[in-house]
Amino acid sequence: MIEKTEKNRKKIVFVTGNNGKFVEVRAILASRGIEVLQNKEGYPELQEEELEPIAASGASFVAEKLRLPAIVDDSGLFIKALKGFPGPYSRFVEDKLGNQKVLQLMENEEDRAAYFKTVISYCEPGKKPLLFSGLVEGKIAFEERGTGGFGYDPIFEYEGKTFGELGDEIKNTLSHRRRAIDKFLEWFDSQID
Ligand code: IMP
């Protein structure tokens with residue numbers, strides 16, 4: 001059970017260098033009386049083909065190091081025709097290659113199926129990390145469309161529009177990240193006295 005009294009206010013460390021994500025999660029948890037502290041130091045990232053072990057080992061590392069409950073999240077774009085590439089390497093591929101190169105890799109592919117996935121891991125010191133995932137299925141477009149969002153948003157098509165065309169407000173109601181946060185919160189709320 002998660003205890004929350006005025007004297008012993010629940011604190012959770014959120015490990016992220018992304019201020020936008022931090023502000024969003026801080027606001028959500030503040031409404032439940034939880035204080036979220038940002039930690040930008042990161043953690044040693046495992047080289048794995050799945051997001052789950054990366055997030056779990058990160059959360060566990062930080063929880064033990066700081067002796068506080070910790071959250072880390074890890075996301076990626078998984079393209080079926082490319083056997084899940086770029087997946088956990090999404091940030092690296094985005095930085096080094098960019099959307100045009102990904103579109104080139106997909107040039108002769110008929111199967112455009114892809115999904116975005118986020119895994120959130122929550123870990124308390126001395127305990128096993130818990131995992132919550134969110135996924136949104138879509139297709140890789142044939143060209144970049146839309147100016148909203150970031151990263152792969154202009155090439156990720158969801159029900160006919162790219163995330164870049166949808167705009168942040170709509171995207172944030174149905175995104176992989178939102179779905180993972182909702183699952184985490186559902187569990188979290190069930191733990192609060
Ligand atoms: P992170 O783990 O949330 O930092 O995401 C890792 C990488 O995945 C980002 O640097 C982007 O390349 C990609 N990515 C994750 N989520 C999204 C999204 O919502 N839109 C576009 N790209 C994303």
# chains A, B, ... in the order shown; residues from 1 in each chain; ligands from 1

call {"tool": "select_by_dssp", "arguments": {"residues": "region 12-161 of chain A", "states": "alpha helix (DSSP H)", "output": "JSON, numbers by chain"}}
result
{"A": [19, 20, 21, 22, 23, 24, 25, 26, 27, 28, 29, 30, 51, 52, 53, 54, 55, 56, 57, 58, 59, 60, 61, 62, 63, 64, 65, 66, 90, 91, 92, 93, 94, 95, 96, 98, 99, 100, 101, 102, 103, 104, 105]}

call {"tool": "select_by_dssp", "arguments": {"residues": "region 13-189 of chain A", "states": "strand (DSSP E)", "output": "MDAnalysis selection string"}}
result
chainID A and resid 13:15 35:39 70:79 86:87 113:123 130:140 156:158 161:162

call {"tool": "closest_atom_pairs", "arguments": {"of": "chain A", "to": "ligand 1", "cutoff": "6 Å", "atoms": "only C-alpha atoms and all ligand atoms", "output": "Markdown table"}}
result
| residue | atom | partner | partner_atom_place_in_ligand_line | distance |
| --- | --- | --- | --- | --- |
| A:Asp74 | CA | ligand 1 | 2 (O) | 3.6 |
| A:Ser75 | CA | ligand 1 | 2 (O) | 3.8 |
| A:Gly76 | CA | ligand 1 | 8 (O) | 4.0 |
| A:Ser90 | CA | ligand 1 | 8 (O) | 4.5 |
| A:Arg91 | CA | ligand 1 | 10 (O) | 3.6 |
| A:Glu94 | CA | ligand 1 | 12 (O) | 5.1 |
| A:Phe150 | CA | ligand 1 | 21 (C) | 5.1 |
| A:Gly151 | CA | ligand 1 | 22 (N) | 3.9 |
| A:Tyr152 | CA | ligand 1 | 21 (C) | 4.0 |
| A:Asp153 | CA | ligand 1 | 21 (C) | 4.4 |

call {"tool": "closest_residue", "arguments": {"among": "A:Ala141, A:Leu185, A:Leu51, A:Ala180", "to": "Pro88 (chain A)", "atoms": "only C-alpha atoms"}}
result
A:Leu51

call {"tool": "atom_distance", "arguments": {"atom1": "CA of Ser31 (chain A)", "atom2": "CA of Asp182 (chain A)"}}
result
13.9 Å

call {"tool": "atom_distance", "arguments": {"atom1": "CA of Tyr158 (chain A)", "atom2": "CA of Leu174 (chain A)"}}
result
10.0 Å

call {"tool": "closest_residue", "arguments": {"among": "A:Gly84, A:Gly42, A:Gly149, A:Gly98", "to": "Lys117 (chain A)", "atoms": "only C-alpha atoms"}}
result
A:Gly84

call {"tool": "closest_residue", "arguments": {"among": "A:Lys128, A:Lys11, A:Lys171, A:Arg112", "to": "Phe142 (chain A)", "atoms": "only C-alpha atoms"}}
result
A:Arg112
